[in-house]
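Engineer: For reference, this is run13.txt, and it has compact mmCIF, C-alpha atoms.
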```txt
# COMPACT_ATOMS: atom_id res chain seq x y z
CA MET A 1 -8.97 -38.80 -106.68
CA THR A 2 -5.78 -38.74 -108.75
CA ALA A 3 -5.61 -42.23 -110.26
CA ARG A 4 -6.54 -43.00 -113.84
CA ILE A 5 -9.62 -45.23 -113.90
CA ILE A 6 -9.02 -48.28 -116.09
CA ASP A 7 -12.30 -48.75 -117.98
CA GLY A 8 -13.07 -52.47 -118.15
CA LYS A 9 -16.42 -51.92 -119.88
CA ALA A 10 -14.88 -50.08 -122.82
CA THR A 11 -11.99 -52.53 -123.12
CA ALA A 12 -14.36 -55.50 -122.97
CA ALA A 13 -16.50 -53.97 -125.72
CA ALA A 14 -13.40 -53.62 -127.90
CA VAL A 15 -12.43 -57.26 -127.26
CA LEU A 16 -15.97 -58.44 -128.10
CA ALA A 17 -15.82 -56.50 -131.38
CA GLU A 18 -12.58 -58.34 -132.20
CA VAL A 19 -14.24 -61.63 -131.24
CA LYS A 20 -17.15 -60.97 -133.61
CA ALA A 21 -14.79 -60.13 -136.48
CA ARG A 22 -12.69 -63.26 -135.85
CA ALA A 23 -15.80 -65.44 -135.56
CA ASP A 24 -17.15 -64.11 -138.87
CA ALA A 25 -13.83 -64.81 -140.57
CA PHE A 26 -13.73 -68.30 -139.07
CA ARG A 27 -17.23 -69.04 -140.33
CA ALA A 28 -16.27 -67.85 -143.82
CA ALA A 29 -13.13 -70.00 -143.83
CA ARG A 30 -14.53 -73.16 -142.24
CA GLY A 31 -18.21 -73.06 -143.14
CA ARG A 32 -19.35 -73.14 -139.53
CA PRO A 33 -19.32 -70.76 -136.54
CA PRO A 34 -17.35 -71.34 -133.37
CA GLY A 35 -19.43 -73.33 -130.89
CA LEU A 36 -19.84 -72.81 -127.15
CA ALA A 37 -21.76 -75.09 -124.78
CA VAL A 38 -22.53 -73.91 -121.25
CA VAL A 39 -23.74 -76.42 -118.67
CA LEU A 40 -25.69 -75.34 -115.59
CA VAL A 41 -26.67 -77.81 -112.88
CA GLY A 42 -29.25 -76.65 -110.35
CA GLU A 43 -30.94 -73.31 -109.78
CA ASP A 44 -28.34 -71.09 -108.13
CA PRO A 45 -29.59 -67.53 -108.90
CA ALA A 46 -26.14 -66.02 -109.45
CA SER A 47 -25.16 -68.88 -111.74
CA GLN A 48 -28.36 -68.44 -113.74
CA VAL A 49 -27.49 -64.78 -114.33
CA TYR A 50 -23.92 -65.61 -115.36
CA VAL A 51 -25.05 -68.32 -117.76
CA ARG A 52 -27.70 -66.08 -119.30
CA ASN A 53 -25.12 -63.33 -119.86
CA LYS A 54 -22.68 -65.77 -121.42
CA GLY A 55 -25.34 -67.08 -123.77
CA ARG A 56 -26.31 -63.56 -124.83
CA GLU A 57 -22.71 -62.63 -125.65
CA ALA A 58 -22.16 -65.90 -127.52
CA GLU A 59 -25.19 -65.24 -129.72
CA ALA A 60 -24.10 -61.63 -130.31
CA ALA A 61 -20.70 -62.90 -131.45
CA GLY A 62 -22.34 -65.23 -133.97
CA PHE A 63 -21.44 -68.47 -132.21
CA ARG A 64 -23.35 -71.69 -132.16
CA SER A 65 -24.53 -71.32 -128.58
CA GLU A 66 -25.92 -74.16 -126.49
CA GLN A 67 -27.16 -74.06 -122.91
CA HIS A 68 -27.74 -77.30 -121.05
CA THR A 69 -29.72 -76.71 -117.86
CA LEU A 70 -29.90 -79.79 -115.64
CA PRO A 71 -31.88 -80.33 -112.41
CA VAL A 72 -30.14 -80.19 -109.06
CA THR A 73 -30.82 -83.94 -108.74
CA THR A 74 -28.57 -84.73 -111.72
CA SER A 75 -26.04 -87.44 -110.89
CA GLN A 76 -22.33 -87.07 -111.47
CA ALA A 77 -22.49 -89.95 -113.96
CA ASP A 78 -25.17 -88.18 -116.01
CA LEU A 79 -23.20 -84.93 -116.01
CA LEU A 80 -20.06 -86.75 -117.12
CA ALA A 81 -22.06 -88.41 -119.91
CA LEU A 82 -23.15 -84.97 -121.15
CA VAL A 83 -19.55 -83.72 -121.05
CA ALA A 84 -18.49 -86.77 -123.08
CA ARG A 85 -21.15 -86.02 -125.72
CA LEU A 86 -20.00 -82.42 -125.97
CA ASN A 87 -16.37 -83.53 -126.20
CA ALA A 88 -17.32 -85.68 -129.20
CA ASP A 89 -19.35 -82.97 -130.96
CA PRO A 90 -17.15 -81.49 -133.73
CA GLY A 91 -19.24 -78.31 -133.84
CA ILE A 92 -18.56 -77.46 -130.18
CA ASP A 93 -15.22 -75.76 -129.61
CA GLY A 94 -15.72 -74.63 -126.01
CA ILE A 95 -17.30 -76.31 -122.99
CA LEU A 96 -17.99 -74.50 -119.73
CA VAL A 97 -19.50 -76.18 -116.69
CA GLN A 98 -20.77 -73.43 -114.39
CA LEU A 99 -19.51 -73.56 -110.83
CA PRO A 100 -20.42 -74.17 -108.07
CA LEU A 101 -21.85 -77.63 -108.64
CA PRO A 102 -24.41 -79.19 -106.29
CA LYS A 103 -23.35 -81.38 -103.38
CA GLY A 104 -22.57 -84.90 -104.47
CA ILE A 105 -20.81 -83.86 -107.67
CA ASP A 106 -17.03 -83.54 -107.55
CA ALA A 107 -16.06 -80.44 -109.51
CA GLU A 108 -12.48 -81.58 -110.10
CA THR A 109 -13.65 -84.84 -111.66
CA VAL A 110 -16.04 -83.02 -113.96
CA LEU A 111 -13.60 -80.29 -115.02
CA THR A 112 -10.88 -82.85 -115.71
CA ALA A 113 -13.30 -84.78 -117.94
CA ILE A 114 -13.59 -81.81 -120.34
CA ASP A 115 -11.39 -82.11 -123.43
CA PRO A 116 -8.51 -79.69 -122.66
CA ALA A 117 -8.76 -78.38 -126.22
CA LYS A 118 -12.33 -77.28 -125.40
CA ASP A 119 -11.64 -76.10 -121.84
CA VAL A 120 -12.44 -72.41 -122.32
CA ASP A 121 -12.29 -71.77 -118.56
CA GLY A 122 -8.64 -72.83 -118.60
CA PHE A 123 -9.04 -75.00 -115.50
CA HIS A 124 -7.98 -78.40 -116.91
CA PRO A 125 -4.63 -79.70 -115.57
CA VAL A 126 -3.26 -79.78 -119.12
CA ASN A 127 -3.94 -76.07 -119.61
CA VAL A 128 -2.66 -75.29 -116.12
CA GLY A 129 0.55 -77.13 -116.97
CA LEU A 130 0.96 -75.41 -120.34
CA LEU A 131 0.52 -72.02 -118.72
CA GLY A 132 2.95 -72.87 -115.93
CA SER A 133 5.58 -74.01 -118.43
CA GLY A 134 5.23 -70.82 -120.46
CA ALA A 135 3.54 -72.49 -123.44
CA THR A 136 0.84 -69.82 -123.71
CA ASP A 137 0.57 -70.26 -127.47
CA ARG A 138 -1.00 -73.67 -126.80
CA ALA A 139 -2.76 -73.03 -123.49
CA LEU A 140 -6.30 -71.85 -122.90
CA VAL A 141 -5.75 -69.28 -120.15
CA PRO A 142 -8.31 -68.63 -117.37
CA CYS A 143 -10.52 -65.72 -118.37
CA THR A 144 -10.23 -63.40 -115.36
CA PRO A 145 -6.41 -63.41 -115.28
CA ALA A 146 -6.24 -63.00 -119.06
CA GLY A 147 -8.64 -60.06 -118.95
CA SER A 148 -6.75 -58.50 -116.06
CA MET A 149 -3.53 -58.63 -118.07
CA ILE A 150 -5.17 -56.80 -120.99
CA LEU A 151 -6.24 -54.04 -118.61
CA LEU A 152 -2.77 -53.88 -117.09
CA GLU A 153 -1.11 -53.74 -120.50
CA SER A 154 -3.40 -50.90 -121.54
CA VAL A 155 -1.53 -48.82 -118.95
CA LEU A 156 2.00 -50.24 -118.88
CA GLY A 157 2.38 -51.91 -122.28
CA PRO A 158 3.34 -55.55 -122.97
CA SER A 159 6.64 -55.64 -121.05
CA LEU A 160 6.77 -55.41 -117.27
CA ALA A 161 10.54 -55.74 -117.03
CA GLY A 162 11.84 -54.07 -113.90
CA LYS A 163 8.42 -54.00 -112.23
CA HIS A 164 7.72 -55.72 -108.91
CA ALA A 165 4.25 -57.27 -108.99
CA VAL A 166 2.54 -58.43 -105.80
CA VAL A 167 -0.47 -60.72 -106.15
CA VAL A 168 -2.60 -60.92 -103.00
CA GLY A 169 -4.39 -64.26 -103.32
CA ARG A 170 -3.24 -67.74 -104.27
CA SER A 171 -6.33 -69.33 -105.83
CA ASN A 172 -6.06 -71.68 -108.79
CA ILE A 173 -8.60 -69.55 -110.65
CA VAL A 174 -6.94 -66.12 -110.34
CA GLY A 175 -3.91 -65.77 -108.08
CA LYS A 176 -1.65 -68.50 -109.42
CA PRO A 177 -2.42 -68.04 -113.14
CA ILE A 178 -2.07 -64.26 -113.07
CA ALA A 179 1.28 -64.70 -111.32
CA GLN A 180 2.38 -66.91 -114.23
CA LEU A 181 1.23 -64.33 -116.77
CA LEU A 182 3.06 -61.56 -114.93
CA LEU A 183 6.25 -63.65 -114.90
CA GLN A 184 5.94 -64.17 -118.63
CA ARG A 185 5.84 -60.37 -119.06
CA ASP A 186 9.18 -60.22 -117.19
CA ALA A 187 7.84 -58.84 -113.91
CA THR A 188 9.38 -59.89 -110.61
CA VAL A 189 6.44 -61.57 -108.87
CA THR A 190 5.54 -62.17 -105.24
CA ILE A 191 2.44 -64.17 -104.34
CA ALA A 192 1.03 -63.12 -100.96
CA HIS A 193 -2.05 -64.15 -99.01
CA SER A 194 -3.90 -63.71 -95.75
CA ARG A 195 -1.18 -65.51 -93.78
CA THR A 196 1.70 -63.50 -95.19
CA THR A 197 3.71 -61.75 -92.47
CA ASP A 198 3.31 -57.93 -92.64
CA LEU A 199 1.20 -58.07 -95.77
CA ALA A 200 0.71 -54.31 -95.84
CA ALA A 201 4.46 -53.65 -95.96
CA LEU A 202 4.89 -56.14 -98.79
CA CYS A 203 2.08 -54.53 -100.81
CA ARG A 204 3.76 -51.12 -100.40
CA GLN A 205 6.71 -52.49 -102.43
CA ALA A 206 4.55 -53.28 -105.47
CA ASP A 207 4.72 -51.36 -108.73
CA VAL A 208 1.81 -53.58 -109.81
CA LEU A 209 -0.63 -54.70 -107.13
CA VAL A 210 -3.26 -57.35 -107.86
CA ALA A 211 -5.95 -57.78 -105.18
CA ALA A 212 -7.57 -61.21 -105.53
CA VAL A 213 -8.13 -62.37 -101.97
CA GLY A 214 -11.94 -62.44 -101.84
CA ARG A 215 -12.35 -60.15 -98.82
CA PRO A 216 -14.21 -56.86 -99.21
CA GLU A 217 -11.94 -53.81 -99.04
CA MET A 218 -9.19 -55.74 -97.28
CA VAL A 219 -6.38 -53.91 -99.11
CA ARG A 220 -6.29 -50.37 -97.73
CA GLY A 221 -5.08 -47.20 -99.40
CA ASP A 222 -1.99 -46.97 -97.21
CA TRP A 223 -0.95 -50.41 -98.48
CA VAL A 224 -0.50 -48.97 -101.99
CA LYS A 225 2.84 -47.63 -103.21
CA PRO A 226 2.50 -44.11 -104.64
CA GLY A 227 2.21 -44.39 -108.42
CA ALA A 228 1.42 -48.13 -108.45
CA VAL A 229 -1.00 -49.68 -110.93
CA VAL A 230 -3.70 -51.60 -109.07
CA ILE A 231 -5.90 -54.38 -110.47
CA ASP A 232 -8.84 -55.23 -108.20
CA VAL A 233 -10.25 -58.66 -109.03
CA GLY A 234 -12.63 -58.88 -106.08
CA ILE A 235 -16.41 -58.76 -106.44
CA ASN A 236 -18.05 -58.66 -103.01
CA ARG A 237 -21.55 -57.70 -102.00
CA ILE A 238 -21.85 -55.76 -98.72
CA PRO A 239 -24.79 -54.09 -96.93
CA ALA A 240 -25.76 -50.61 -98.17
CA PRO A 241 -28.21 -49.22 -95.61
CA ASP A 242 -28.02 -45.80 -97.29
CA LYS A 243 -29.88 -47.36 -100.25
CA GLY A 244 -32.64 -48.78 -98.09
CA GLU A 245 -33.29 -51.70 -95.81
CA GLY A 246 -31.79 -54.94 -97.08
CA LYS A 247 -30.00 -53.25 -99.98
CA THR A 248 -26.42 -54.09 -100.94
CA ARG A 249 -23.63 -52.74 -103.11
CA LEU A 250 -20.63 -54.21 -104.87
CA VAL A 251 -17.10 -53.52 -103.69
CA GLY A 252 -13.76 -55.00 -104.55
CA ASP A 253 -10.97 -56.40 -102.40
CA LEU A 254 -9.52 -52.89 -102.33
CA ALA A 255 -10.61 -49.77 -100.45
CA PHE A 256 -11.13 -47.95 -103.74
CA ALA A 257 -11.47 -44.32 -102.62
CA GLU A 258 -8.37 -44.56 -100.44
CA ALA A 259 -6.26 -46.32 -103.06
CA ALA A 260 -7.32 -43.97 -105.85
CA GLU A 261 -5.63 -41.11 -104.01
CA VAL A 262 -2.29 -42.94 -104.18
CA ALA A 263 -2.23 -45.18 -107.27
CA SER A 264 -1.46 -43.98 -110.78
CA ALA A 265 -4.12 -46.24 -112.30
CA ILE A 266 -6.80 -48.47 -110.80
CA THR A 267 -9.68 -50.73 -111.85
CA PRO A 268 -13.10 -49.93 -110.36
CA VAL A 269 -15.67 -52.37 -109.00
CA PRO A 270 -17.99 -52.73 -110.77
CA GLY A 271 -16.82 -51.87 -114.27
CA GLY A 272 -13.24 -53.07 -114.13
CA VAL A 273 -12.15 -56.70 -114.32
CA GLY A 274 -15.72 -58.09 -114.24
CA PRO A 275 -16.72 -57.23 -117.84
CA MET A 276 -13.41 -58.63 -119.09
CA THR A 277 -14.13 -62.12 -117.77
CA ILE A 278 -17.03 -62.81 -120.14
CA ALA A 279 -15.23 -61.05 -123.02
CA LEU A 280 -12.23 -63.37 -122.57
CA LEU A 281 -14.52 -66.40 -122.40
CA MET A 282 -15.75 -65.46 -125.86
CA ALA A 283 -12.16 -64.86 -126.98
CA ASN A 284 -11.13 -68.27 -125.61
CA THR A 285 -13.92 -69.91 -127.61
CA VAL A 286 -12.65 -68.35 -130.84
CA THR A 287 -9.09 -69.31 -129.88
CA ALA A 288 -10.13 -72.91 -129.21
CA ALA A 289 -11.90 -73.05 -132.59
CA HIS A 290 -8.77 -71.84 -134.37
CA LEU A 291 -6.41 -74.19 -132.55
CA ARG A 292 -8.68 -77.20 -133.10
CA GLU A 293 -8.76 -76.42 -136.84
CA GLY A 294 -4.98 -75.97 -137.03
CA LEU A 295 -5.22 -72.23 -137.63
CA ALA A 296 -2.98 -69.52 -136.22
CA ARG A 297 -3.86 -68.43 -132.70
CA PRO A 298 -5.76 -65.10 -132.78
CA ARG A 299 -4.69 -62.26 -130.51
CA PHE A 300 -7.12 -60.09 -128.57
CA GLY A 301 -6.69 -56.78 -126.84
CA ALA A 302 -3.20 -56.16 -128.21
```
Could I get this file's structure written as structure tokens?

Structural biologist:
Amino acid sequence: MTARIIDGKATAAAVLAEVKARADAFRAARGRPPGLAVVLVGEDPASQVYVRNKGREAEAAGFRSEQHTLPVTTSQADLLALVARLNADPGIDGILVQLPLPKGIDAETVLTAIDPAKDVDGFHPVNVGLLGSGATDRALVPCTPAGSMILLESVLGPSLAGKHAVVVGRSNIVGKPIAQLLLQRDATVTIAHSRTTDLAALCRQADVLVAAVGRPEMVRGDWVKPGAVVIDVGINRIPAPDKGEGKTRLVGDLAFAEAAEVASAITPVPGGVGPMTIALLMANTVTAAHLREGLARPRFGA
């Protein structure tokens, strides 16, 4: 292995320390802590873990932290009524509705009902539009792309001028927003996907390669340009018979061992982008609190 391993755990810890300091200063200035409300509908085990972790980090940061756990039988109307109450609560700065939602509830309708000023996931059309227009000082940016950019900048610095970035994946949650962020750092950006002709050859042109396609180890080592910086967003669970019957392990969208022999720097799975996602959710909550109070936007991970 020759690549530098980009340590997402250490970087996330540094961001969370900044979040705590900013939250303490906000409380001192405004007489209240930043507030985060997380809404979970149903009993999806993975979602329960995510929500529990988010609540733990919010409490550690000194936030007002609320968790609203609703039964799987909750109607869309009742969920929208809860969102409306949270929108109207002046002590709540961030609202997150955990996805996926049960059948019968339209996620787009619910996410669009969240006040865009409290949309700490960055999924509301207003925040999507602000990001797309380059107005990042006013936008709440999706957490995974924002965290990925901090990891990338830890290697290459804030400017990516002259770099060709290839993003493999076109999702609204990761692929499209990270492409916008890369453009704003002056990279030349190509968005590719599973139907791109000769995807491997295109990836070999990338100085910065972002794998966000949602397929385990799809991007092979011989797809990576020598010396490229690789950000692996994928989190996939695959069988691990060497660990015992029925056991699994986590892998990314990248064949890590192969790529690490070629890349100059690479994020691991686990321990890369994953820890940054929750850290940036906390950062977005503090950012939302500042913007709602007319304060200067705080910077994290600079």

Engineer: Which residue, A:Leu160, A:Ile173, A:Val51, A:Leu202, has the smallest gap to Asp186 (chain A) when you use all atoms listed in the file?

Structural biologist: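 Counting all atoms listed in the file, the residue closest to Asp186 (chain A) is A:Leu160.
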
Engineer: Kindly provide the residues of region 190-297 of chain A that approach region 75-91 of chain A to within 12 Å, each paired with its closest atom pair and their distance in Å to one decimal, based on only C-alpha atoms, listed by chain and increasing number, as CSV.

Structural biologist:
```
residue,atom,partner,partner_atom,distance
A:Thr285,CA,A:Gly91,CA,11.7
A:Ala288,CA,A:Gly91,CA,11.6
A:Ala289,CA,A:Gly91,CA,9.1
A:Arg292,CA,A:Pro90,CA,9.5
A:Glu293,CA,A:Pro90,CA,10.3
```

Engineer: Would you pick out the contacts of Gly272 (chain A) at 6 Å or less, using all atoms listed in the file, so that residues sharing its chain but fewer than 4 positions from it are not included, and give the list as a list in words?

Structural biologist: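 My reading of the contact set: Asp7, Gly8, Thr267 and Pro268 of chain A.
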
Engineer: Would you put the residues from that selection into a file with C-alpha atoms, as an mmCIF file, keeping the file's coordinate frame?

Structural biologist:
```cif
data_model
loop_
_atom_site.group_PDB
_atom_site.id
_atom_site.type_symbol
_atom_site.label_atom_id
_atom_site.label_comp_id
_atom_site.auth_asym_id
_atom_site.auth_seq_id
_atom_site.Cartn_x
_atom_site.Cartn_y
_atom_site.Cartn_z
ATOM 1 C CA ASP A 7 -12.300 -48.750 -117.980
ATOM 2 C CA GLY A 8 -13.070 -52.470 -118.150
ATOM 3 C CA THR A 267 -9.680 -50.730 -111.850
ATOM 4 C CA PRO A 268 -13.100 -49.930 -110.360
#
```

Engineer: Take CA of Ala14 (chain A) and CA of Pro158 (chain A) and report the distance between them in Å, one decimal.

Structural biologist: 17.6 Å

Engineer: For region 17-22 of chain A, please output as a PyMOL selection string all residues within 6 Å (counting all atoms listed in the file; exclusion window: fewer than 3 positions along the same chain).

Structural biologist: chain A and resi 14+25+61+283

Engineer: Go ahead and save the residues from that selection, with C-alpha atoms, as a short mmCIF file (atom, residue, chain, number, x, y, z; two decimals), in the frame of the given file.

Structural biologist:
```cif
data_model
loop_
_atom_site.label_atom_id
_atom_site.label_comp_id
_atom_site.auth_asym_id
_atom_site.auth_seq_id
_atom_site.Cartn_x
_atom_site.Cartn_y
_atom_site.Cartn_z
CA ALA A 14 -13.40 -53.62 -127.90
CA ALA A 25 -13.83 -64.81 -140.57
CA ALA A 61 -20.70 -62.90 -131.45
CA ALA A 283 -12.16 -64.86 -126.98
#
```

Engineer: Would you mind putting N, CA, C and O atoms back on region 237-258 of chain A and writing the result as a PDB file, in the coordinates of the input?

Structural biologist:
```
ATOM      1  N   ARG A 237     -20.309 -58.429-102.277  1.00  0.00           N
ATOM      2  CA  ARG A 237     -21.550 -57.700-102.000  1.00  0.00           C
ATOM      3  C   ARG A 237     -21.644 -57.433-100.497  1.00  0.00           C
ATOM      4  O   ARG A 237     -21.543 -58.361 -99.694  1.00  0.00           O
ATOM      5  N   ILE A 238     -21.791 -56.152-100.136  1.00  0.00           N
ATOM      6  CA  ILE A 238     -21.850 -55.760 -98.720  1.00  0.00           C
ATOM      7  C   ILE A 238     -23.124 -54.959 -98.478  1.00  0.00           C
ATOM      8  O   ILE A 238     -23.708 -54.400 -99.414  1.00  0.00           O
ATOM      9  N   PRO A 239     -23.567 -54.863 -97.225  1.00  0.00           N
ATOM     10  CA  PRO A 239     -24.790 -54.090 -96.930  1.00  0.00           C
ATOM     11  C   PRO A 239     -24.621 -52.627 -97.321  1.00  0.00           C
ATOM     12  O   PRO A 239     -23.546 -52.033 -97.182  1.00  0.00           O
ATOM     13  N   ALA A 240     -25.735 -52.036 -97.806  1.00  0.00           N
ATOM     14  CA  ALA A 240     -25.760 -50.610 -98.170  1.00  0.00           C
ATOM     15  C   ALA A 240     -27.010 -49.980 -97.569  1.00  0.00           C
ATOM     16  O   ALA A 240     -27.986 -49.704 -98.285  1.00  0.00           O
ATOM     17  N   PRO A 241     -27.012 -49.751 -96.267  1.00  0.00           N
ATOM     18  CA  PRO A 241     -28.210 -49.220 -95.610  1.00  0.00           C
ATOM     19  C   PRO A 241     -28.623 -47.854 -96.142  1.00  0.00           C
ATOM     20  O   PRO A 241     -29.804 -47.485 -96.046  1.00  0.00           O
ATOM     21  N   ASP A 242     -27.671 -47.104 -96.728  1.00  0.00           N
ATOM     22  CA  ASP A 242     -28.020 -45.800 -97.290  1.00  0.00           C
ATOM     23  C   ASP A 242     -28.954 -45.927 -98.485  1.00  0.00           C
ATOM     24  O   ASP A 242     -29.646 -44.979 -98.852  1.00  0.00           O
ATOM     25  N   LYS A 243     -28.993 -47.119 -99.099  1.00  0.00           N
ATOM     26  CA  LYS A 243     -29.880 -47.360-100.250  1.00  0.00           C
ATOM     27  C   LYS A 243     -31.245 -47.881 -99.830  1.00  0.00           C
ATOM     28  O   LYS A 243     -32.147 -47.985-100.657  1.00  0.00           O
ATOM     29  N   GLY A 244     -31.366 -48.226 -98.567  1.00  0.00           N
ATOM     30  CA  GLY A 244     -32.640 -48.780 -98.090  1.00  0.00           C
ATOM     31  C   GLY A 244     -32.410 -50.081 -97.354  1.00  0.00           C
ATOM     32  O   GLY A 244     -31.354 -50.726 -97.484  1.00  0.00           O
ATOM     33  N   GLU A 245     -33.401 -50.493 -96.612  1.00  0.00           N
ATOM     34  CA  GLU A 245     -33.290 -51.700 -95.810  1.00  0.00           C
ATOM     35  C   GLU A 245     -33.072 -52.929 -96.687  1.00  0.00           C
ATOM     36  O   GLU A 245     -33.786 -53.143 -97.671  1.00  0.00           O
ATOM     37  N   GLY A 246     -32.085 -53.714 -96.353  1.00  0.00           N
ATOM     38  CA  GLY A 246     -31.790 -54.940 -97.080  1.00  0.00           C
ATOM     39  C   GLY A 246     -31.033 -54.742 -98.379  1.00  0.00           C
ATOM     40  O   GLY A 246     -30.736 -55.725 -99.066  1.00  0.00           O
ATOM     41  N   LYS A 247     -30.702 -53.514 -98.733  1.00  0.00           N
ATOM     42  CA  LYS A 247     -30.000 -53.250 -99.980  1.00  0.00           C
ATOM     43  C   LYS A 247     -28.498 -53.526 -99.821  1.00  0.00           C
ATOM     44  O   LYS A 247     -27.940 -53.459 -98.720  1.00  0.00           O
ATOM     45  N   THR A 248     -27.850 -53.815-100.946  1.00  0.00           N
ATOM     46  CA  THR A 248     -26.420 -54.090-100.940  1.00  0.00           C
ATOM     47  C   THR A 248     -25.735 -53.331-102.067  1.00  0.00           C
ATOM     48  O   THR A 248     -26.389 -52.768-102.952  1.00  0.00           O
ATOM     49  N   ARG A 249     -24.415 -53.308-102.018  1.00  0.00           N
ATOM     50  CA  ARG A 249     -23.630 -52.740-103.110  1.00  0.00           C
ATOM     51  C   ARG A 249     -22.392 -53.594-103.333  1.00  0.00           C
ATOM     52  O   ARG A 249     -21.982 -54.371-102.458  1.00  0.00           O
ATOM     53  N   LEU A 250     -21.815 -53.440-104.516  1.00  0.00           N
ATOM     54  CA  LEU A 250     -20.630 -54.210-104.870  1.00  0.00           C
ATOM     55  C   LEU A 250     -19.367 -53.417-104.530  1.00  0.00           C
ATOM     56  O   LEU A 250     -19.283 -52.215-104.814  1.00  0.00           O
ATOM     57  N   VAL A 251     -18.412 -54.103-103.937  1.00  0.00           N
ATOM     58  CA  VAL A 251     -17.100 -53.520-103.690  1.00  0.00           C
ATOM     59  C   VAL A 251     -16.051 -54.561-104.064  1.00  0.00           C
ATOM     60  O   VAL A 251     -16.334 -55.762-104.162  1.00  0.00           O
ATOM     61  N   GLY A 252     -14.840 -54.095-104.246  1.00  0.00           N
ATOM     62  CA  GLY A 252     -13.760 -55.000-104.550  1.00  0.00           C
ATOM     63  C   GLY A 252     -13.025 -55.462-103.307  1.00  0.00           C
ATOM     64  O   GLY A 252     -13.507 -55.321-102.170  1.00  0.00           O
ATOM     65  N   ASP A 253     -11.827 -56.005-103.511  1.00  0.00           N
ATOM     66  CA  ASP A 253     -10.970 -56.400-102.400  1.00  0.00           C
ATOM     67  C   ASP A 253     -10.126 -55.221-101.921  1.00  0.00           C
ATOM     68  O   ASP A 253      -9.331 -55.362-100.995  1.00  0.00           O
ATOM     69  N   LEU A 254     -10.312 -54.082-102.567  1.00  0.00           N
ATOM     70  CA  LEU A 254      -9.520 -52.890-102.330  1.00  0.00           C
ATOM     71  C   LEU A 254     -10.411 -51.763-101.821  1.00  0.00           C
ATOM     72  O   LEU A 254     -11.543 -51.603-102.290  1.00  0.00           O
ATOM     73  N   ALA A 255      -9.910 -50.984-100.875  1.00  0.00           N
ATOM     74  CA  ALA A 255     -10.610 -49.770-100.450  1.00  0.00           C
ATOM     75  C   ALA A 255     -10.406 -48.718-101.534  1.00  0.00           C
ATOM     76  O   ALA A 255      -9.417 -47.978-101.533  1.00  0.00           O
ATOM     77  N   PHE A 256     -11.339 -48.664-102.486  1.00  0.00           N
ATOM     78  CA  PHE A 256     -11.130 -47.950-103.740  1.00  0.00           C
ATOM     79  C   PHE A 256     -10.827 -46.467-103.530  1.00  0.00           C
ATOM     80  O   PHE A 256      -9.851 -45.935-104.079  1.00  0.00           O
ATOM     81  N   ALA A 257     -11.642 -45.768-102.762  1.00  0.00           N
ATOM     82  CA  ALA A 257     -11.470 -44.320-102.620  1.00  0.00           C
ATOM     83  C   ALA A 257     -10.109 -43.987-102.014  1.00  0.00           C
ATOM     84  O   ALA A 257      -9.442 -43.031-102.431  1.00  0.00           O
ATOM     85  N   GLU A 258      -9.683 -44.787-101.049  1.00  0.00           N
ATOM     86  CA  GLU A 258      -8.370 -44.560-100.440  1.00  0.00           C
ATOM     87  C   GLU A 258      -7.248 -44.806-101.439  1.00  0.00           C
ATOM     88  O   GLU A 258      -6.331 -43.993-101.577  1.00  0.00           O
TER      89      GLU A 258
END
```
